[in-house]
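entry.cif (mmCIF, C-alpha atoms) appears below.
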```cif
data_data
#
loop_
_atom_site.group_PDB
_atom_site.id
_atom_site.type_symbol
_atom_site.label_atom_id
_atom_site.label_comp_id
_atom_site.auth_asym_id
_atom_site.auth_seq_id
_atom_site.Cartn_x
_atom_site.Cartn_y
_atom_site.Cartn_z
ATOM 1 C CA PRO A 1 -27.288 80.731 -120.108
ATOM 2 C CA SER A 2 -28.636 77.593 -118.448
ATOM 3 C CA SER A 3 -26.577 74.507 -117.543
ATOM 4 C CA SER A 4 -27.415 73.075 -120.981
ATOM 5 C CA GLY A 5 -25.986 76.128 -122.723
ATOM 6 C CA MET A 6 -29.388 77.336 -124.014
ATOM 7 C CA PRO A 7 -30.144 81.004 -123.332
ATOM 8 C CA ARG A 8 -32.562 81.242 -120.427
ATOM 9 C CA LEU A 9 -34.823 83.755 -122.230
ATOM 10 C CA ALA A 10 -35.393 81.418 -125.179
ATOM 11 C CA PHE A 11 -36.227 78.561 -122.781
ATOM 12 C CA THR A 12 -38.774 80.730 -120.977
ATOM 13 C CA VAL A 13 -40.559 81.679 -124.210
ATOM 14 C CA VAL A 14 -40.837 78.054 -125.364
ATOM 15 C CA ALA A 15 -42.186 76.978 -121.986
ATOM 16 C CA LEU A 16 -44.725 79.801 -122.020
ATOM 17 C CA ALA A 17 -45.955 78.759 -125.467
ATOM 18 C CA ALA A 18 -46.558 75.213 -124.261
ATOM 19 C CA VAL A 19 -48.531 76.416 -121.243
ATOM 20 C CA VAL A 20 -50.760 78.739 -123.308
ATOM 21 C CA SER A 21 -52.036 75.893 -125.459
ATOM 22 C CA ALA A 22 -52.766 73.775 -122.398
ATOM 23 C CA GLU A 23 -54.679 76.372 -120.352
ATOM 24 C CA VAL A 24 -58.454 76.717 -120.344
ATOM 25 C CA ALA A 25 -59.476 79.966 -122.004
ATOM 26 C CA VAL A 26 -61.629 82.588 -120.319
ATOM 27 C CA ARG A 27 -64.853 82.942 -122.274
ATOM 28 C CA ILE A 28 -65.991 86.363 -123.505
ATOM 29 C CA ASP A 29 -69.526 86.908 -124.748
ATOM 30 C CA CYS A 30 -69.827 88.194 -128.291
ATOM 31 C CA PRO A 31 -70.464 91.086 -128.107
ATOM 32 C CA GLY A 32 -68.908 91.735 -124.698
ATOM 33 C CA ILE A 33 -66.353 93.700 -122.683
ATOM 34 C CA VAL A 34 -64.098 92.431 -119.892
ATOM 35 C CA SER A 35 -61.348 94.030 -117.812
ATOM 36 C CA HIS A 36 -58.194 92.077 -117.017
ATOM 37 C CA SER A 37 -54.939 92.747 -115.158
ATOM 38 C CA LEU A 38 -52.009 90.973 -116.776
ATOM 39 C CA PRO A 39 -48.749 90.630 -114.777
ATOM 40 C CA ALA A 40 -45.468 91.298 -116.567
ATOM 41 C CA PHE A 41 -44.227 88.449 -118.805
ATOM 42 C CA SER A 42 -47.473 86.487 -118.350
ATOM 43 C CA TYR A 43 -50.257 85.552 -120.742
ATOM 44 C CA ALA A 44 -54.030 85.238 -120.946
ATOM 45 C CA ASP A 45 -56.262 83.315 -123.344
ATOM 46 C CA PHE A 46 -59.803 84.523 -124.101
ATOM 47 C CA SER A 47 -62.269 82.538 -126.230
ATOM 48 C CA ILE A 48 -65.066 83.919 -128.421
ATOM 49 C CA SER A 49 -67.820 81.736 -129.880
ATOM 50 C CA VAL A 50 -69.075 83.004 -133.240
ATOM 51 C CA SER A 51 -72.478 81.674 -134.344
ATOM 52 C CA GLU A 52 -73.492 80.885 -137.921
ATOM 53 C CA GLU A 53 -75.748 83.930 -137.960
ATOM 54 C CA GLN A 54 -72.926 86.210 -136.821
ATOM 55 C CA ALA A 55 -70.465 84.715 -139.315
ATOM 56 C CA SER A 56 -72.937 85.204 -142.187
ATOM 57 C CA HIS A 57 -73.881 88.807 -141.454
ATOM 58 C CA GLY A 58 -71.112 90.427 -139.424
ATOM 59 C CA ASN A 59 -67.508 91.574 -139.125
ATOM 60 C CA LEU A 60 -65.681 90.477 -135.957
ATOM 61 C CA MET A 61 -63.901 93.380 -134.278
ATOM 62 C CA ILE A 62 -61.477 93.015 -131.373
ATOM 63 C CA GLU A 63 -60.008 95.922 -129.432
ATOM 64 C CA VAL A 64 -57.651 95.733 -126.451
ATOM 65 C CA LYS A 65 -57.204 99.035 -124.606
ATOM 66 C CA ASP A 66 -54.227 99.699 -122.355
ATOM 67 C CA GLU A 67 -55.648 101.376 -119.254
ATOM 68 C CA SER A 68 -52.458 101.275 -117.208
ATOM 69 C CA GLU A 69 -51.324 104.460 -115.490
ATOM 70 C CA VAL A 70 -48.255 104.759 -117.705
ATOM 71 C CA ALA A 71 -48.609 104.263 -121.460
ATOM 72 C CA MET A 72 -46.318 101.772 -123.168
ATOM 73 C CA HIS A 73 -46.834 101.177 -126.885
ATOM 74 C CA ASN A 74 -45.761 97.526 -126.568
ATOM 75 C CA ALA A 75 -47.539 96.770 -123.286
ATOM 76 C CA VAL A 76 -48.949 93.523 -124.705
ATOM 77 C CA GLU A 77 -48.846 91.412 -127.841
ATOM 78 C CA VAL A 78 -52.237 90.340 -129.217
ATOM 79 C CA TYR A 79 -52.611 87.118 -131.227
ATOM 80 C CA LEU A 80 -55.822 85.804 -132.818
ATOM 81 C CA HIS A 81 -56.472 82.145 -133.626
ATOM 82 C CA ALA A 82 -59.454 80.392 -135.221
ATOM 83 C CA GLY A 83 -60.357 77.027 -133.674
ATOM 84 C CA THR A 84 -57.435 76.104 -131.441
ATOM 85 C CA VAL A 85 -54.273 77.735 -130.135
ATOM 86 C CA PRO A 86 -51.087 76.120 -131.524
ATOM 87 C CA ARG A 87 -48.155 75.215 -129.336
ATOM 88 C CA ASP A 88 -46.562 78.543 -130.175
ATOM 89 C CA PRO A 89 -49.365 81.167 -130.052
ATOM 90 C CA ARG A 90 -47.222 83.572 -132.059
ATOM 91 C CA SER A 91 -47.564 81.410 -135.186
ATOM 92 C CA THR A 92 -50.415 83.337 -136.764
ATOM 93 C CA GLN A 93 -50.746 86.099 -139.338
ATOM 94 C CA MET A 94 -53.356 87.868 -137.193
ATOM 95 C CA PHE A 95 -51.434 89.781 -134.530
ATOM 96 C CA VAL A 96 -50.439 93.227 -133.287
ATOM 97 C CA LYS A 97 -47.460 94.085 -131.084
ATOM 98 C CA THR A 98 -47.726 97.849 -130.675
ATOM 99 C CA TYR A 99 -50.523 100.391 -130.368
ATOM 100 C CA THR A 100 -52.568 100.461 -133.549
ATOM 101 C CA ASP A 101 -54.414 103.523 -132.220
ATOM 102 C CA ARG A 102 -52.001 105.703 -130.244
ATOM 103 C CA GLU A 103 -54.653 108.278 -129.376
ATOM 104 C CA HIS A 104 -56.747 105.691 -127.504
ATOM 105 C CA ARG A 105 -53.810 103.429 -126.481
ATOM 106 C CA ALA A 106 -55.470 100.473 -128.202
ATOM 107 C CA PHE A 107 -54.560 97.306 -130.075
ATOM 108 C CA ALA A 108 -57.154 96.315 -132.687
ATOM 109 C CA LEU A 109 -57.891 93.453 -135.096
ATOM 110 C CA ALA A 110 -60.812 92.727 -137.429
ATOM 111 C CA VAL A 111 -62.057 89.651 -139.308
ATOM 112 C CA ASN A 112 -64.428 90.579 -142.127
ATOM 113 C CA VAL A 113 -67.595 88.731 -143.132
ATOM 114 C CA LEU A 114 -65.842 86.908 -145.990
ATOM 115 C CA GLN A 115 -63.223 85.455 -143.622
ATOM 116 C CA LEU A 116 -65.338 84.957 -140.495
ATOM 117 C CA GLN A 117 -66.360 81.380 -139.685
ATOM 118 C CA PRO A 118 -68.770 79.885 -137.109
ATOM 119 C CA LEU A 119 -65.937 78.780 -134.823
ATOM 120 C CA THR A 120 -64.401 79.499 -131.444
ATOM 121 C CA TYR A 121 -61.783 82.204 -131.793
ATOM 122 C CA HIS A 122 -58.986 82.708 -129.260
ATOM 123 C CA VAL A 123 -57.428 86.044 -128.327
ATOM 124 C CA VAL A 124 -54.063 85.375 -126.675
ATOM 125 C CA LEU A 125 -52.396 88.258 -124.830
ATOM 126 C CA LEU A 126 -48.692 88.162 -123.931
ATOM 127 C CA ALA A 127 -47.572 90.876 -121.507
ATOM 128 C CA GLY A 128 -44.380 92.862 -121.872
ATOM 129 C CA ALA A 129 -41.954 94.065 -119.213
ATOM 130 C CA ARG A 130 -44.574 95.620 -116.946
ATOM 131 C CA ASP A 131 -47.976 94.806 -115.475
ATOM 132 C CA ALA A 132 -50.837 95.851 -117.754
ATOM 133 C CA ASP A 133 -54.425 96.811 -116.956
ATOM 134 C CA LEU A 134 -56.479 95.980 -120.030
ATOM 135 C CA GLU A 135 -60.010 96.252 -121.373
ATOM 136 C CA ILE A 136 -60.885 93.647 -124.009
ATOM 137 C CA SER A 137 -63.811 94.564 -126.244
ATOM 138 C CA ILE A 138 -65.417 92.068 -128.637
ATOM 139 C CA ASP A 139 -68.076 93.079 -131.133
ATOM 140 C CA ILE A 140 -69.862 91.811 -134.217
ATOM 141 C CA VAL A 141 -70.476 94.792 -136.484
ATOM 142 C CA GLY A 142 -73.272 93.951 -138.882
ATOM 143 C CA THR A 143 -72.810 94.247 -142.608
ATOM 144 C CA GLU A 144 -76.341 95.499 -143.287
ATOM 145 C CA VAL A 145 -76.969 99.241 -143.219
ATOM 146 C CA ASP A 146 -80.272 101.100 -143.620
ATOM 147 C CA PRO A 147 -81.223 104.794 -143.809
ATOM 148 C CA SER A 148 -82.566 104.866 -140.241
ATOM 149 C CA HIS A 149 -79.243 104.358 -138.457
ATOM 150 C CA SER A 150 -75.476 104.282 -138.945
ATOM 151 C CA VAL A 151 -73.176 101.350 -138.224
ATOM 152 C CA HIS A 152 -69.959 101.935 -136.257
ATOM 153 C CA GLY A 153 -66.724 99.972 -136.528
ATOM 154 C CA HIS A 154 -62.933 100.221 -136.646
ATOM 155 C CA ILE A 155 -60.447 99.540 -139.410
ATOM 156 C CA CYS A 156 -56.684 98.921 -139.413
ATOM 157 C CA PRO A 157 -54.057 99.181 -142.169
ATOM 158 C CA GLY A 158 -54.419 96.316 -144.638
ATOM 159 C CA GLU A 159 -57.852 95.268 -143.374
ATOM 160 C CA TRP A 160 -61.048 95.129 -145.432
ATOM 161 C CA VAL A 161 -64.416 95.492 -143.681
ATOM 162 C CA TYR A 162 -67.718 95.163 -145.550
ATOM 163 C CA HIS A 163 -71.208 96.678 -145.365
ATOM 164 C CA HIS A 164 -74.177 96.495 -147.716
ATOM 165 C CA TYR A 165 -77.626 97.912 -148.416
ATOM 166 C CA ARG A 166 -80.318 95.823 -150.092
ATOM 167 C CA THR A 167 -82.541 97.785 -152.438
ATOM 168 C CA THR A 168 -85.971 96.524 -153.468
ATOM 169 C CA GLY A 169 -87.265 96.595 -157.009
ATOM 170 C CA SER A 170 -89.536 99.519 -156.164
ATOM 171 C CA GLU A 171 -86.615 101.564 -154.762
ATOM 172 C CA ALA A 172 -84.316 101.004 -157.728
ATOM 173 C CA GLY A 173 -84.616 102.973 -160.945
ATOM 174 C CA PRO A 174 -82.884 105.446 -163.268
ATOM 175 C CA GLU A 175 -83.720 108.413 -161.015
ATOM 176 C CA THR A 176 -82.706 106.735 -157.730
ATOM 177 C CA SER A 177 -79.483 107.694 -155.974
ATOM 178 C CA LEU A 178 -77.949 105.603 -153.166
ATOM 179 C CA GLU A 179 -75.434 107.688 -151.252
ATOM 180 C CA TRP A 180 -72.916 106.138 -148.853
ATOM 181 C CA LEU A 181 -72.147 108.409 -145.885
ATOM 182 C CA VAL A 182 -68.895 107.559 -144.097
ATOM 183 C CA GLU A 183 -67.173 109.428 -141.262
ATOM 184 C CA ALA A 184 -63.688 108.895 -139.814
ATOM 185 C CA SER A 185 -63.351 109.681 -136.118
ATOM 186 C CA SER A 186 -59.576 110.236 -136.106
ATOM 187 C CA SER A 187 -57.265 112.347 -138.238
ATOM 188 C CA ALA A 188 -54.716 109.506 -138.003
ATOM 189 C CA LEU A 189 -57.055 107.119 -139.861
ATOM 190 C CA THR A 190 -56.313 106.720 -143.557
ATOM 191 C CA ALA A 191 -58.797 104.592 -145.468
ATOM 192 C CA ARG A 192 -60.619 104.254 -148.771
ATOM 193 C CA ILE A 193 -64.148 103.158 -149.621
ATOM 194 C CA LYS A 194 -65.040 101.061 -152.650
ATOM 195 C CA PRO A 195 -68.653 100.326 -153.736
ATOM 196 C CA GLN A 196 -69.801 97.371 -155.824
ATOM 197 C CA PHE A 197 -73.104 95.789 -156.808
ATOM 198 C CA GLY A 198 -73.946 92.132 -156.213
ATOM 199 C CA SER A 199 -70.959 90.945 -154.169
ATOM 200 C CA PRO A 200 -68.307 92.388 -151.832
ATOM 201 C CA PRO A 201 -65.457 94.043 -153.752
ATOM 202 C CA LEU A 202 -62.115 92.252 -153.570
ATOM 203 C CA ARG A 203 -59.965 94.778 -155.434
ATOM 204 C CA LEU A 204 -59.452 98.475 -154.915
ATOM 205 C CA THR A 205 -60.159 99.466 -158.522
ATOM 206 C CA PRO A 206 -61.882 102.706 -159.631
ATOM 207 C CA PRO A 207 -64.241 104.067 -158.590
ATOM 208 C CA SER A 208 -63.063 104.438 -155.003
ATOM 209 C CA MET A 209 -62.686 107.367 -152.635
ATOM 210 C CA ARG A 210 -60.387 108.320 -149.766
ATOM 211 C CA LEU A 211 -62.069 109.147 -146.461
ATOM 212 C CA THR A 212 -62.029 112.812 -145.485
ATOM 213 C CA PRO A 213 -60.304 113.217 -142.078
ATOM 214 C CA PRO A 214 -61.870 115.272 -139.276
ATOM 215 C CA SER A 215 -61.303 119.021 -139.397
ATOM 216 C CA VAL A 216 -58.677 120.740 -137.255
ATOM 217 C CA ASP A 217 -61.254 121.640 -134.592
ATOM 218 C CA GLY A 218 -62.033 117.933 -134.100
ATOM 219 C CA SER A 219 -65.428 117.895 -135.798
ATOM 220 C CA THR A 220 -66.002 114.962 -138.128
ATOM 221 C CA SER A 221 -66.250 115.371 -141.899
ATOM 222 C CA GLN A 222 -68.538 113.199 -143.974
ATOM 223 C CA THR A 223 -67.318 111.414 -147.086
ATOM 224 C CA ARG A 224 -70.170 110.989 -149.575
ATOM 225 C CA MET A 225 -70.108 108.504 -152.452
ATOM 226 C CA SER A 226 -73.098 107.921 -154.720
ATOM 227 C CA VAL A 227 -74.065 104.890 -156.804
ATOM 228 C CA CYS A 228 -77.057 104.556 -159.131
ATOM 229 C CA PRO A 229 -79.132 101.460 -158.226
ATOM 230 C CA GLU A 230 -80.969 100.740 -161.462
ATOM 231 C CA VAL A 231 -81.967 97.246 -160.299
ATOM 232 C CA GLY A 232 -82.829 95.797 -156.904
ATOM 233 C CA GLY A 233 -80.231 93.798 -154.984
ATOM 234 C CA ASP A 234 -77.268 94.095 -152.643
ATOM 235 C CA TYR A 235 -75.056 97.153 -152.964
ATOM 236 C CA TRP A 236 -71.788 96.588 -151.090
ATOM 237 C CA LEU A 237 -69.213 98.951 -149.655
ATOM 238 C CA ALA A 238 -65.666 97.988 -148.644
ATOM 239 C CA VAL A 239 -63.840 100.101 -146.059
ATOM 240 C CA VAL A 240 -60.122 99.520 -146.674
ATOM 241 C CA GLY A 241 -57.519 100.501 -144.095
ATOM 242 C CA GLU A 242 -54.360 102.261 -145.267
ATOM 243 C CA GLY A 243 -51.632 104.330 -143.623
ATOM 244 C CA ASP A 244 -50.042 103.469 -140.272
ATOM 245 C CA GLU A 245 -52.849 103.555 -137.684
ATOM 246 C CA CYS A 246 -56.274 102.114 -136.969
ATOM 247 C CA GLY A 247 -59.312 104.248 -136.316
ATOM 248 C CA HIS A 248 -63.058 104.235 -135.801
ATOM 249 C CA TYR A 249 -65.571 105.047 -138.504
ATOM 250 C CA SER A 250 -69.330 105.151 -139.054
ATOM 251 C CA VAL A 251 -71.226 104.289 -142.231
ATOM 252 C CA GLY A 252 -74.806 105.033 -143.265
ATOM 253 C CA VAL A 253 -76.874 105.311 -146.454
ATOM 254 C CA LYS A 254 -79.288 107.835 -147.920
ATOM 255 C CA LEU A 255 -81.795 107.236 -150.744
ATOM 256 C CA SER A 256 -83.202 109.912 -152.997
ATOM 257 C CA THR A 257 -85.250 109.893 -156.214
ATOM 258 C CA SER A 258 -84.246 113.232 -157.708
ATOM 259 C CA GLY A 259 -81.763 111.857 -160.218
ATOM 260 C CA CYS A 260 -78.382 110.171 -159.880
ATOM 261 C CA VAL A 261 -74.791 110.903 -160.839
ATOM 262 C CA ALA A 262 -72.412 108.180 -159.715
ATOM 263 C CA SER A 263 -69.311 109.269 -157.791
ATOM 264 C CA GLY A 264 -65.919 108.337 -159.155
ATOM 265 C CA ASP A 265 -66.672 108.630 -162.859
ATOM 266 C CA GLU A 266 -63.923 111.247 -163.140
ATOM 267 C CA GLU A 267 -61.486 108.873 -161.365
ATOM 268 C CA ARG A 268 -62.397 106.047 -163.728
ATOM 269 C CA SER A 269 -61.851 108.304 -166.758
ATOM 270 C CA SER A 270 -58.488 109.597 -165.530
ATOM 271 C CA ALA A 271 -57.272 106.022 -164.983
ATOM 272 C CA ILE A 272 -57.709 105.243 -168.704
ATOM 273 C CA GLN A 273 -55.067 106.516 -171.114
ATOM 274 C CA THR A 274 -55.072 106.082 -174.881
ATOM 275 C CA LEU A 275 -51.908 104.619 -176.401
ATOM 276 C CA PRO A 276 -51.547 105.261 -180.146
ATOM 277 C CA LEU A 277 -51.005 102.230 -182.359
ATOM 278 C CA GLY A 278 -47.319 101.477 -182.862
ATOM 279 C CA ARG A 279 -46.201 103.498 -179.821
ATOM 280 C CA PHE A 280 -45.069 102.410 -176.374
ATOM 281 C CA GLU A 281 -44.561 104.249 -173.109
ATOM 282 C CA TYR A 282 -42.816 103.569 -169.821
ATOM 283 C CA GLY A 283 -44.731 103.777 -166.548
ATOM 284 C CA GLU A 284 -44.575 102.745 -162.934
ATOM 285 C CA CYS A 285 -46.964 101.316 -160.347
ATOM 286 C CA THR A 286 -46.717 102.184 -156.656
ATOM 287 C CA ALA A 287 -47.424 99.335 -154.206
ATOM 288 C CA PRO A 288 -49.724 98.298 -152.702
ATOM 289 C CA PHE A 289 -52.157 97.900 -155.594
ATOM 290 C CA GLN A 290 -55.098 95.490 -155.427
#
```

Take the structure I supplied and represent it as structure tokens, if you would.
Amino acid sequence: PSSSGMPRLAFTVVALAAVVSAEVAVRIDCPGIVSHSLPAFSYADFSISVSEEQASHGNLMIEVKDESEVAMHNAVEVYLHAGTVPRDPRSTQMFVKTYTDREHRAFALAVNVLQLQPLTYHVVLLAGARDADLEISIDIVGTEVDPSHSVHGHICPGEWVYHHYRTTGSEAGPETSLEWLVEASSSALTARIKPQFGSPPLRLTPPSMRLTPPSVDGSTSQTRMSVCPEVGGDYWLAVVGEGDECGHYSVGVKLSTSGCVASGDEERSSAIQTLPLGRFEYGECTAPFQ
């Protein structure tokens, strides 16, 4: 303890928080990658400027890789702030303190297109008990997908990331099928996909589908989910992180005009149960349910 009786460790943390808010942040281009060596028990503040165009059509994805010689799952703590950094940089709901992707020794965060604002975001890194060599990667992953190329991103437990395909009136019709093609790059990634017409889905209601993990030999497996675009407009897909770890994914679309059967009809039917008049039944609901 210090002469005042306050534990020295607590005093150090408070002083560090005050310094973080006062320091000038290192700017990172968006998208961009920088390498940084962070001494033990020190901090670094990186700023990211998000434009109106990026905020309207993209998901912000942040990944911090631990490239130190010896892996340590709590090498750094990563905190994300929109606008300014408060006196205590830990006072935010956007943070990670341990590897979110153990396979790649990475810490990851995402801000989806519904939450993203045209502001300056700050990524504050607080080092643990050893020096850390880090690679900070910033990317804006676009929401729009087309049949000519796939879009790549990452998703963490509890996060929602959005993509969409805009069909024209000539493409839409009763015989048209729009098929979402989604691949997970890691067997540790657990996620679901949820399609919806007109606006991004906010609830994980049927129909939805769990991503198929890669096979045992490491080759990726494609999860296919079809919708029937009878009218032109925006067809959205939510990628929803579950489980315990983050992971990378890719998403693409395929159009065909040989008829359409929407995926998930069997899931929707099984979710509906008939209760006879005058009867009641007990049931249970397993969290989380959205």

**Prompt:** For Met225 of chain A, which of A:Val251, A:Pro201, A:Trp180, A:Asn59 is the closest residue, counting only C-alpha atoms?
**Reply:** A:Trp180

**Prompt:** Quick one: residues within 7 Å of segment 169-177 of chain A, all atoms listed in the file counted, chain neighbours fewer than 6 positions away excluded, as a list in words?
**Reply:**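 In the requested format, the answer is Ser226, Val227, Cys228, Pro229, Glu230, Val231, Gly232, Leu255, Ser256, Thr257, Ser258, Gly259 and Cys260 of chain A.
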
Atoms kept (C-alpha atoms) for selection, written as a short mmCIF file (atom, residue, chain, number, x, y, z; two decimals), in the coordinates of the input:
```cif
data_model
loop_
_atom_site.label_atom_id
_atom_site.label_comp_id
_atom_site.auth_asym_id
_atom_site.auth_seq_id
_atom_site.Cartn_x
_atom_site.Cartn_y
_atom_site.Cartn_z
CA SER A 226 -73.10 107.92 -154.72
CA VAL A 227 -74.06 104.89 -156.80
CA CYS A 228 -77.06 104.56 -159.13
CA PRO A 229 -79.13 101.46 -158.23
CA GLU A 230 -80.97 100.74 -161.46
CA VAL A 231 -81.97 97.25 -160.30
CA GLY A 232 -82.83 95.80 -156.90
CA LEU A 255 -81.80 107.24 -150.74
CA SER A 256 -83.20 109.91 -153.00
CA THR A 257 -85.25 109.89 -156.21
CA SER A 258 -84.25 113.23 -157.71
CA GLY A 259 -81.76 111.86 -160.22
CA CYS A 260 -78.38 110.17 -159.88
#
```

**Prompt:** Quick one: of A:Glu159, A:Asp88, A:Glu242, A:Glu63, who's nearest to Ile138 of chain A, counting only C-alpha atoms?
**Reply:**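 Looking at the shortest contact to Ile138 of chain A, the residue is A:Glu63.
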
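Here atom CA of Thr143 of chain A stands at a distance of 13.9 Å from atom CA of Gln196 of chain A.
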
**Message:** Please determine, counting all atoms listed in the file, which residue among A:His152, A:His73, A:Lys254, A:Arg203 has the shortest atom-to-atom distance to Val96 of chain A.
**Reply:**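 Among A:His152, A:His73, A:Lys254, A:Arg203, it is A:His73 that comes nearest to Val96 of chain A.
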
**Prompt:** Which one of A:Val141, A:Ala25, A:Ala71, A:Leu114 sits closest to Leu202 of chain A if you count all atoms listed in the file?
**Reply:**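 The closest residue to Leu202 of chain A is A:Leu114.
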
**Item:** For Thr84 of chain A: contacts at 12 Å, only C-alpha atoms, fewer than 4 positions along chain excluded, given as an MDAnalysis selection string
**Value:** chainID A and resid 20:25 45:49 80 88:89 91:92 119:124

Can you write just those residues out, C-alpha atoms, as a PDB file, in the coordinates of the input?
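Output contents, as saved in again-v9.pdb:
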```pdb
ATOM      1  CA  VAL A  20     -50.760  78.739-123.308  1.00  0.00           C
ATOM      2  CA  SER A  21     -52.036  75.893-125.459  1.00  0.00           C
ATOM      3  CA  ALA A  22     -52.766  73.775-122.398  1.00  0.00           C
ATOM      4  CA  GLU A  23     -54.679  76.372-120.352  1.00  0.00           C
ATOM      5  CA  VAL A  24     -58.454  76.717-120.344  1.00  0.00           C
ATOM      6  CA  ALA A  25     -59.476  79.966-122.004  1.00  0.00           C
ATOM      7  CA  ASP A  45     -56.262  83.315-123.344  1.00  0.00           C
ATOM      8  CA  PHE A  46     -59.803  84.523-124.101  1.00  0.00           C
ATOM      9  CA  SER A  47     -62.269  82.538-126.230  1.00  0.00           C
ATOM     10  CA  ILE A  48     -65.066  83.919-128.421  1.00  0.00           C
ATOM     11  CA  SER A  49     -67.820  81.736-129.880  1.00  0.00           C
ATOM     12  CA  LEU A  80     -55.822  85.804-132.818  1.00  0.00           C
ATOM     13  CA  ASP A  88     -46.562  78.543-130.175  1.00  0.00           C
ATOM     14  CA  PRO A  89     -49.365  81.167-130.052  1.00  0.00           C
ATOM     15  CA  SER A  91     -47.564  81.410-135.186  1.00  0.00           C
ATOM     16  CA  THR A  92     -50.415  83.337-136.764  1.00  0.00           C
ATOM     17  CA  LEU A 119     -65.937  78.780-134.823  1.00  0.00           C
ATOM     18  CA  THR A 120     -64.401  79.499-131.444  1.00  0.00           C
ATOM     19  CA  TYR A 121     -61.783  82.204-131.793  1.00  0.00           C
ATOM     20  CA  HIS A 122     -58.986  82.708-129.260  1.00  0.00           C
ATOM     21  CA  VAL A 123     -57.428  86.044-128.327  1.00  0.00           C
ATOM     22  CA  VAL A 124     -54.063  85.375-126.675  1.00  0.00           C
TER      23      VAL A 124
END
```

**Request:** Using atom CA of Gly247 of chain A and atom CA of Thr167 of chain A as the two end points, give the distance in Å to one decimal.
**Result:**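 Separation of atom CA of Gly247 of chain A and atom CA of Thr167 of chain A: 29.0 Å.
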
**Item:** Residue among A:Ser37, A:Ser185, A:Ser51, A:Gln222 lying closest to Ser68 of chain A, counting only C-alpha atoms
**Value:** A:Ser37

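When the PyMOL selection byres ((chain A and resi 161) around 10) is evaluated on the file shown here, the picked residues come out as A:Gly58, A:Asn59, A:Leu60, A:Met61, A:Ala110, A:Val111, A:Asn112, A:Val113, A:Leu114, A:Val141, A:Thr143, A:Gly153, A:His154, A:Ile155, A:Cys156, A:Glu159, A:Trp160, A:Tyr162, A:His163, A:Ile193, A:Pro200, A:Leu237, A:Ala238, A:Val239, A:Val240, A:Gly241.
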
Just-selected residues, C-alpha atoms written as a PDB file, in the coordinates of the input:
```
ATOM      1  CA  GLY A  58     -71.112  90.427-139.424  1.00  0.00           C
ATOM      2  CA  ASN A  59     -67.508  91.574-139.125  1.00  0.00           C
ATOM      3  CA  LEU A  60     -65.681  90.477-135.957  1.00  0.00           C
ATOM      4  CA  MET A  61     -63.901  93.380-134.278  1.00  0.00           C
ATOM      5  CA  ALA A 110     -60.812  92.727-137.429  1.00  0.00           C
ATOM      6  CA  VAL A 111     -62.057  89.651-139.308  1.00  0.00           C
ATOM      7  CA  ASN A 112     -64.428  90.579-142.127  1.00  0.00           C
ATOM      8  CA  VAL A 113     -67.595  88.731-143.132  1.00  0.00           C
ATOM      9  CA  LEU A 114     -65.842  86.908-145.990  1.00  0.00           C
ATOM     10  CA  VAL A 141     -70.476  94.792-136.484  1.00  0.00           C
ATOM     11  CA  THR A 143     -72.810  94.247-142.608  1.00  0.00           C
ATOM     12  CA  GLY A 153     -66.724  99.972-136.528  1.00  0.00           C
ATOM     13  CA  HIS A 154     -62.933 100.221-136.646  1.00  0.00           C
ATOM     14  CA  ILE A 155     -60.447  99.540-139.410  1.00  0.00           C
ATOM     15  CA  CYS A 156     -56.684  98.921-139.413  1.00  0.00           C
ATOM     16  CA  GLU A 159     -57.852  95.268-143.374  1.00  0.00           C
ATOM     17  CA  TRP A 160     -61.048  95.129-145.432  1.00  0.00           C
ATOM     18  CA  TYR A 162     -67.718  95.163-145.550  1.00  0.00           C
ATOM     19  CA  HIS A 163     -71.208  96.678-145.365  1.00  0.00           C
ATOM     20  CA  ILE A 193     -64.148 103.158-149.621  1.00  0.00           C
ATOM     21  CA  PRO A 200     -68.307  92.388-151.832  1.00  0.00           C
ATOM     22  CA  LEU A 237     -69.213  98.951-149.655  1.00  0.00           C
ATOM     23  CA  ALA A 238     -65.666  97.988-148.644  1.00  0.00           C
ATOM     24  CA  VAL A 239     -63.840 100.101-146.059  1.00  0.00           C
ATOM     25  CA  VAL A 240     -60.122  99.520-146.674  1.00  0.00           C
ATOM     26  CA  GLY A 241     -57.519 100.501-144.095  1.00  0.00           C
TER      27      GLY A 241
END
```

**Prompt:** Which one is closest to Glu53 of chain A: A:Ile140, A:Met209, A:Ala106, A:Val34? Count only C-alpha atoms.
**Reply:** A:Ile140

**Asked** atom CA of Ser208 of chain A to atom CA of Gln117 of chain A: how many Å, to one decimal?
**Response** 27.9 Å

Hey, what comes out of the PyMOL selection byres ((chain A and resi 78) around 9) on this file? Could you write it as a compact mmCIF listing (two decimals) with C-alpha atoms, in the frame of the given file?
```txt
# COMPACT_ATOMS: atom_id res chain seq x y z
CA VAL A 64 -57.65 95.73 -126.45
CA VAL A 76 -48.95 93.52 -124.70
CA GLU A 77 -48.85 91.41 -127.84
CA TYR A 79 -52.61 87.12 -131.23
CA LEU A 80 -55.82 85.80 -132.82
CA ARG A 90 -47.22 83.57 -132.06
CA MET A 94 -53.36 87.87 -137.19
CA PHE A 95 -51.43 89.78 -134.53
CA VAL A 96 -50.44 93.23 -133.29
CA LYS A 97 -47.46 94.08 -131.08
CA THR A 98 -47.73 97.85 -130.68
CA PHE A 107 -54.56 97.31 -130.07
CA ALA A 108 -57.15 96.32 -132.69
CA LEU A 109 -57.89 93.45 -135.10
CA VAL A 123 -57.43 86.04 -128.33
CA VAL A 124 -54.06 85.38 -126.68
CA LEU A 125 -52.40 88.26 -124.83
CA LEU A 126 -48.69 88.16 -123.93
```

**Request:** Convert the output of the PyMOL selection byres ((chain A and resi 223) around 6) on the shown file into explicit residues, formatted as a PyMOL selection string.
**Result:** chain A and resi 181-182+211-212+222+224
